[in-house]
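Asker: So here's my_file-v7.tsv, just TSV, C-alpha atoms:
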chain	number	residue	atom	x	y	z
A	1	MET	CA	-27.96	-13.51	-21.07
A	2	TYR	CA	-25.49	-11.79	-18.74
A	3	GLU	CA	-23.59	-9.73	-21.32
A	4	LYS	CA	-24.80	-6.42	-19.89
A	5	SER	CA	-23.84	-7.45	-16.36
A	6	ILE	CA	-20.38	-8.51	-17.51
A	7	GLU	CA	-19.96	-5.18	-19.31
A	8	LEU	CA	-20.98	-3.23	-16.19
A	9	LEU	CA	-18.76	-5.36	-13.98
A	10	ASN	CA	-15.74	-4.76	-16.23
A	11	LEU	CA	-16.41	-1.01	-16.06
A	12	ALA	CA	-16.38	-1.40	-12.28
A	13	VAL	CA	-13.07	-3.29	-12.45
A	14	ALA	CA	-11.55	-0.37	-14.39
A	15	ASP	CA	-12.93	2.07	-11.82
A	16	GLU	CA	-11.61	0.06	-8.88
A	17	ILE	CA	-8.16	-0.44	-10.43
A	18	GLN	CA	-7.97	3.30	-11.08
A	19	ALA	CA	-8.85	3.90	-7.42
A	20	VAL	CA	-6.16	1.46	-6.24
A	21	HIS	CA	-3.52	3.24	-8.34
A	22	GLN	CA	-4.65	6.70	-7.22
A	23	TYR	CA	-4.90	5.88	-3.52
A	24	MET	CA	-1.53	4.12	-3.47
A	25	TYR	CA	0.00	7.17	-5.15
A	26	PHE	CA	-1.54	9.36	-2.43
A	27	HIS	CA	-0.39	6.90	0.24
A	28	PHE	CA	3.22	7.11	-0.95
A	29	HIS	CA	3.21	10.90	-1.01
A	30	CYS	CA	1.48	11.34	2.35
A	31	ASP	CA	3.95	8.87	3.87
A	32	ASN	CA	6.84	10.79	2.33
A	33	GLN	CA	5.50	14.04	3.81
A	34	GLY	CA	5.14	12.49	7.27
A	35	TYR	CA	1.33	12.42	7.33
A	36	ASP	CA	0.97	8.96	8.81
A	37	LEU	CA	-2.78	9.06	9.50
A	38	LEU	CA	-3.66	10.14	5.99
A	39	SER	CA	-1.09	7.78	4.51
A	40	SER	CA	-2.71	4.90	6.39
A	41	LEU	CA	-6.19	5.96	5.30
A	42	PHE	CA	-5.18	5.98	1.63
A	43	ARG	CA	-3.37	2.64	1.97
A	44	LYS	CA	-6.31	1.00	3.75
A	45	THR	CA	-8.75	2.33	1.16
A	46	ALA	CA	-6.56	1.07	-1.70
A	47	ILE	CA	-6.53	-2.40	-0.15
A	48	GLU	CA	-10.33	-2.33	0.16
A	49	GLU	CA	-10.57	-1.31	-3.50
A	50	MET	CA	-8.31	-4.28	-4.38
A	51	SER	CA	-10.79	-6.52	-2.60
A	52	HIS	CA	-13.56	-5.01	-4.71
A	53	VAL	CA	-11.65	-5.96	-7.85
A	54	GLU	CA	-11.44	-9.52	-6.59
A	55	TYR	CA	-15.16	-9.77	-5.79
A	56	ILE	CA	-16.10	-8.27	-9.14
A	57	ALA	CA	-13.69	-10.54	-11.03
A	58	GLU	CA	-15.13	-13.61	-9.31
A	59	ARG	CA	-18.60	-12.59	-10.44
A	60	ILE	CA	-17.46	-11.95	-14.01
A	61	LEU	CA	-15.84	-15.38	-14.18
A	62	PHE	CA	-18.91	-17.02	-12.68
A	63	LEU	CA	-20.96	-15.41	-15.47
A	64	LYS	CA	-18.49	-16.91	-17.98
A	65	GLY	CA	-17.03	-13.54	-18.91
A	66	ASP	CA	-13.43	-12.37	-19.12
A	67	VAL	CA	-11.98	-9.87	-16.67
A	68	GLU	CA	-10.56	-6.74	-18.30
A	69	MET	CA	-7.74	-5.52	-16.07
A	70	ILE	CA	-7.42	-2.01	-17.48
A	71	ALA	CA	-7.46	1.16	-15.38
A	72	LYS	CA	-9.42	4.15	-16.67
A	73	SER	CA	-6.31	6.33	-16.70
A	74	ASN	CA	-3.04	7.02	-14.93
A	75	PRO	CA	-3.15	8.50	-11.42
A	76	ASN	CA	-3.35	12.27	-11.04
A	77	LYS	CA	-0.02	13.45	-9.69
A	78	LEU	CA	-1.27	15.56	-6.81
A	79	HIS	CA	0.97	16.38	-3.85
A	80	ASP	CA	-1.21	18.80	-1.89
A	81	VAL	CA	-3.25	16.95	0.74
A	82	LYS	CA	-6.35	19.09	0.25
A	83	ASP	CA	-6.26	18.34	-3.49
A	84	MET	CA	-5.78	14.62	-2.76
A	85	LEU	CA	-8.81	14.57	-0.51
A	86	LYS	CA	-10.95	16.52	-2.98
A	87	GLN	CA	-9.94	14.13	-5.78
A	88	SER	CA	-10.70	11.12	-3.58
A	89	LEU	CA	-14.09	12.50	-2.61
A	90	SER	CA	-14.90	13.15	-6.26
A	91	MET	CA	-13.82	9.63	-7.28
A	92	GLU	CA	-16.03	8.04	-4.63
A	93	GLU	CA	-19.02	10.19	-5.59
A	94	GLU	CA	-18.60	9.20	-9.24
A	95	SER	CA	-18.34	5.50	-8.33
A	96	ILE	CA	-21.50	5.71	-6.26
A	97	LYS	CA	-23.34	7.33	-9.15
A	98	ASP	CA	-22.10	4.72	-11.63
A	99	TYR	CA	-22.80	1.77	-9.34
A	100	ASN	CA	-26.32	3.01	-8.61
A	101	SER	CA	-26.92	3.12	-12.37
A	102	SER	CA	-25.56	-0.42	-12.60
A	103	ILE	CA	-27.98	-1.51	-9.87
A	104	ILE	CA	-30.87	-0.26	-11.98
A	105	ALA	CA	-29.54	-1.99	-15.10
A	106	CYS	CA	-29.05	-5.29	-13.25
A	107	THR	CA	-32.58	-5.08	-11.91
A	108	THR	CA	-33.87	-4.49	-15.43
A	109	HIS	CA	-31.93	-7.53	-16.70
A	110	SER	CA	-33.02	-9.77	-13.79
A	111	ASP	CA	-29.53	-10.24	-12.34
A	112	SER	CA	-30.16	-9.92	-8.62
A	113	VAL	CA	-26.80	-11.32	-7.50
A	114	THR	CA	-24.82	-8.75	-9.50
A	115	ARG	CA	-27.25	-6.09	-8.27
A	116	LYS	CA	-26.47	-7.08	-4.66
A	117	LEU	CA	-22.74	-6.89	-5.39
A	118	PHE	CA	-23.16	-3.35	-6.70
A	119	GLU	CA	-25.27	-2.48	-3.64
A	120	GLN	CA	-22.41	-3.64	-1.38
A	121	LEU	CA	-19.95	-1.61	-3.44
A	122	VAL	CA	-22.12	1.49	-2.99
A	123	MET	CA	-22.15	1.00	0.77
A	124	ASP	CA	-18.35	0.68	0.84
A	125	GLU	CA	-17.85	3.69	-1.43
A	126	GLU	CA	-20.19	5.78	0.74
A	127	ARG	CA	-18.07	4.88	3.76
A	128	HIS	CA	-14.91	5.89	1.90
A	129	MET	CA	-16.57	9.12	0.82
A	130	ASN	CA	-17.50	9.86	4.43
A	131	GLN	CA	-13.91	9.23	5.58
A	132	PHE	CA	-12.47	11.58	2.95
A	133	ASP	CA	-15.14	14.19	3.72
A	134	THR	CA	-14.27	14.00	7.44
A	135	GLU	CA	-10.58	14.52	6.66
A	136	LEU	CA	-11.41	17.51	4.45
A	137	GLU	CA	-13.53	18.97	7.26
A	138	ASN	CA	-10.65	18.44	9.73
A	139	LEU	CA	-8.32	20.23	7.34
A	140	LYS	CA	-10.76	23.14	7.00
A	141	LYS	CA	-11.35	23.32	10.75
A	142	PHE	CA	-7.74	22.99	11.90
A	143	GLY	CA	-5.84	24.15	8.81
A	144	GLU	CA	-2.18	23.37	8.40
A	145	GLN	CA	-1.99	22.60	12.11
A	146	TYR	CA	-3.85	19.38	11.40
A	147	LEU	CA	-1.08	18.24	9.06
A	148	ALA	CA	1.67	19.58	11.32
A	149	LEU	CA	0.37	17.45	14.20
A	150	GLN	CA	0.61	14.32	12.08
A	151	SER	CA	4.15	15.20	11.05
A	152	ILE	CA	5.18	15.97	14.65
A	153	GLU	CA	3.72	12.68	15.83
A	154	ARG	CA	5.87	10.82	13.29
A	155	SER	CA	8.97	12.73	14.40
A	156	LYS	CA	8.28	11.78	18.03
A	157	THR	CA	7.80	8.14	17.07
A	158	LEU	CA	10.99	8.05	15.00
A	159	ALA	CA	12.98	9.79	17.74
A	160	THR	CA	12.07	7.06	20.25
A	161	GLN	CA	12.82	4.13	17.93
A	162	THR	CA	16.17	2.44	17.72
A	163	GLY	CA	17.69	1.29	14.47
A	164	VAL	CA	16.69	2.17	10.92
A	165	LYS	CA	13.28	2.00	9.32
A	166	GLN	CA	12.70	-1.29	7.51
A	167	THR	CA	11.74	-0.84	3.87
A	168	GLY	CA	10.70	-4.43	3.23
A	169	ILE	CA	13.17	-4.79	0.39
Rewrite the structure of this file - the entire thing - as structure tokens.
Answerer:
Amino acid sequence: MYEKSIELLNLAVADEIQAVHQYMYFHFHCDNQGYDLLSSLFRKTAIEEMSHVEYIAERILFLKGDVEMIAKSNPNKLHDVKDMLKQSLSMEEESIKDYNSSIIACTTHSDSVTRKLFEQLVMDEERHMNQFDTELENLKKFGEQYLALQSIERSKTLATQTGVKQTGI
């Protein structure tokens, strides 16, 4: 009865895992370049995408399905911030499109709970899309100065700290 929902949910798992991998990759590289605000945005978004995987997996298991933990592909190895933001915006737009299609399919198959889950995912992805769009606009408006300010802020913070940075290892 819920085979179509399980199929759509597993496609969403693949999409969300791909997003986690991509955003963590961007987080690492922005952190390495000293862009703390962007690094934090990518990290926070990746964590939210991990939560999506959990919600989706819980629904799949409730429907007596099996969770397929396979990402769509490997992360794109982008190092330019503008390219990272464009890629992120594109990923969110694609997710919104796919999840809206899933909403229609769930409605057709009388699965209102899964439909509501996809509706929540769309709202979250729209928020992410807005955040990435805002950052792209800031980059257009302020240019490289926008990134330089983030890097300078990190340098000021590091200069006032004592001791070495903890890596967590």
Asker: Could you list, as JSON, numbers by chain, every residue within 10 Å of segment 111-126 of chain A, counting only C-alpha atoms and ignoring same-chain residues fewer than 3 positions away?
Answerer: {"A": [1, 2, 4, 5, 6, 8, 9, 12, 45, 48, 49, 52, 55, 56, 59, 60, 63, 89, 91, 92, 93, 94, 95, 96, 97, 98, 99, 100, 101, 102, 103, 104, 105, 106, 107, 108, 129, 130, 131, 132]}
Asker: Using C-alpha atoms, can you export the residues from the last selection as an mmCIF file, in the coordinates of the input?
Answerer:
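Everything below was put into out.cif:
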data_model
loop_
_atom_site.group_PDB
_atom_site.id
_atom_site.type_symbol
_atom_site.label_atom_id
_atom_site.label_comp_id
_atom_site.auth_asym_id
_atom_site.auth_seq_id
_atom_site.Cartn_x
_atom_site.Cartn_y
_atom_site.Cartn_z
ATOM 1 C CA MET A 1 -27.960 -13.510 -21.070
ATOM 2 C CA TYR A 2 -25.490 -11.790 -18.740
ATOM 3 C CA LYS A 4 -24.800 -6.420 -19.890
ATOM 4 C CA SER A 5 -23.840 -7.450 -16.360
ATOM 5 C CA ILE A 6 -20.380 -8.510 -17.510
ATOM 6 C CA LEU A 8 -20.980 -3.230 -16.190
ATOM 7 C CA LEU A 9 -18.760 -5.360 -13.980
ATOM 8 C CA ALA A 12 -16.380 -1.400 -12.280
ATOM 9 C CA THR A 45 -8.750 2.330 1.160
ATOM 10 C CA GLU A 48 -10.330 -2.330 0.160
ATOM 11 C CA GLU A 49 -10.570 -1.310 -3.500
ATOM 12 C CA HIS A 52 -13.560 -5.010 -4.710
ATOM 13 C CA TYR A 55 -15.160 -9.770 -5.790
ATOM 14 C CA ILE A 56 -16.100 -8.270 -9.140
ATOM 15 C CA ARG A 59 -18.600 -12.590 -10.440
ATOM 16 C CA ILE A 60 -17.460 -11.950 -14.010
ATOM 17 C CA LEU A 63 -20.960 -15.410 -15.470
ATOM 18 C CA LEU A 89 -14.090 12.500 -2.610
ATOM 19 C CA MET A 91 -13.820 9.630 -7.280
ATOM 20 C CA GLU A 92 -16.030 8.040 -4.630
ATOM 21 C CA GLU A 93 -19.020 10.190 -5.590
ATOM 22 C CA GLU A 94 -18.600 9.200 -9.240
ATOM 23 C CA SER A 95 -18.340 5.500 -8.330
ATOM 24 C CA ILE A 96 -21.500 5.710 -6.260
ATOM 25 C CA LYS A 97 -23.340 7.330 -9.150
ATOM 26 C CA ASP A 98 -22.100 4.720 -11.630
ATOM 27 C CA TYR A 99 -22.800 1.770 -9.340
ATOM 28 C CA ASN A 100 -26.320 3.010 -8.610
ATOM 29 C CA SER A 101 -26.920 3.120 -12.370
ATOM 30 C CA SER A 102 -25.560 -0.420 -12.600
ATOM 31 C CA ILE A 103 -27.980 -1.510 -9.870
ATOM 32 C CA ILE A 104 -30.870 -0.260 -11.980
ATOM 33 C CA ALA A 105 -29.540 -1.990 -15.100
ATOM 34 C CA CYS A 106 -29.050 -5.290 -13.250
ATOM 35 C CA THR A 107 -32.580 -5.080 -11.910
ATOM 36 C CA THR A 108 -33.870 -4.490 -15.430
ATOM 37 C CA MET A 129 -16.570 9.120 0.820
ATOM 38 C CA ASN A 130 -17.500 9.860 4.430
ATOM 39 C CA GLN A 131 -13.910 9.230 5.580
ATOM 40 C CA PHE A 132 -12.470 11.580 2.950
#
Asker: Go ahead and compute the interatomic distance for atom CA of Leu41 of chain A and atom CA of His27 of chain A, in Å to one decimal.
Answerer: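 Those two atoms sit 7.8 Å apart.
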Asker: Quick check, in Å to one decimal: how far apart do atom CA of Thr134 of chain A and atom CA of Arg43 of chain A lie?
Answerer: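 Between these atoms lies a distance of 16.7 Å.
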Asker: What is the atom CA of Lys86 of chain A-atom CA of Asp133 of chain A distance in Å, reported with one decimal?
Answerer: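 A separation of 8.2 Å between them.
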Asker: With all atoms listed in the file as the basis for distance, which of A:Met69, A:Ala57, A:Ala19, A:Leu139 is at the shortest distance from Gln87 of chain A?
Answerer: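 Using all atoms listed in the file, Gln87 of chain A sits closest to A:Ala19.
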Asker: A:Leu38, A:Leu61, A:Met84, A:Ala46: which is nearest Asp15 of chain A, counting only C-alpha atoms?
Answerer: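 Counting only C-alpha atoms, the residue closest to Asp15 of chain A is A:Ala46.
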Asker: Between A:Phe142, A:Gly65, A:Lys44, A:Lys72, single out the one closest to Met24 of chain A, counting all atoms listed in the file.
Answerer: A:Lys44
Asker: Which of these residues is nearest to Leu37 of chain A, using all atoms listed in the file: A:Val81, A:Tyr25, A:Glu16, A:Gly143?
Answerer: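 Using all atoms listed in the file, the shortest distance to Leu37 of chain A belongs to A:Val81.
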Asker: Neighbouring residues of Ser73 of chain A were defined as those with any atom within 10 Å, considering all atoms listed in the file; residues of the same chain fewer than 6 positions away were excluded. Please report them as a list in words.
Answerer: Ala14, Asp15, Ile17, Gln18, Ala19, His21 and Gln22 of chain A
Asker: Could you check the closest approach to Tyr146 of chain A for each of A:Glu68, A:Glu3, A:Asp36, A:Glu58 and tell me which residue wins, using all atoms listed in the file?
Answerer: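 Of all the options, A:Asp36 lies closest to Tyr146 of chain A.
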Asker: Let me have the centre and edge lengths in Å, one decimal, of the box along x, y and z around every listed atom of segment 86-95 of chain A with 4 Å of margin on each side, as JSON.
Answerer:
{"center_x": -14.5, "center_y": 11.0, "center_z": -5.9, "size_x": 17.1, "size_y": 19.0, "size_z": 14.6}
Asker: Check the smallest atom-to-atom distance from each of A:Phe62, A:Tyr35, A:Phe26, A:Phe42 to His79 of chain A using all atoms listed in the file, then report the winner.
Answerer: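 Counting all atoms listed in the file, the residue closest to His79 of chain A is A:Phe26.
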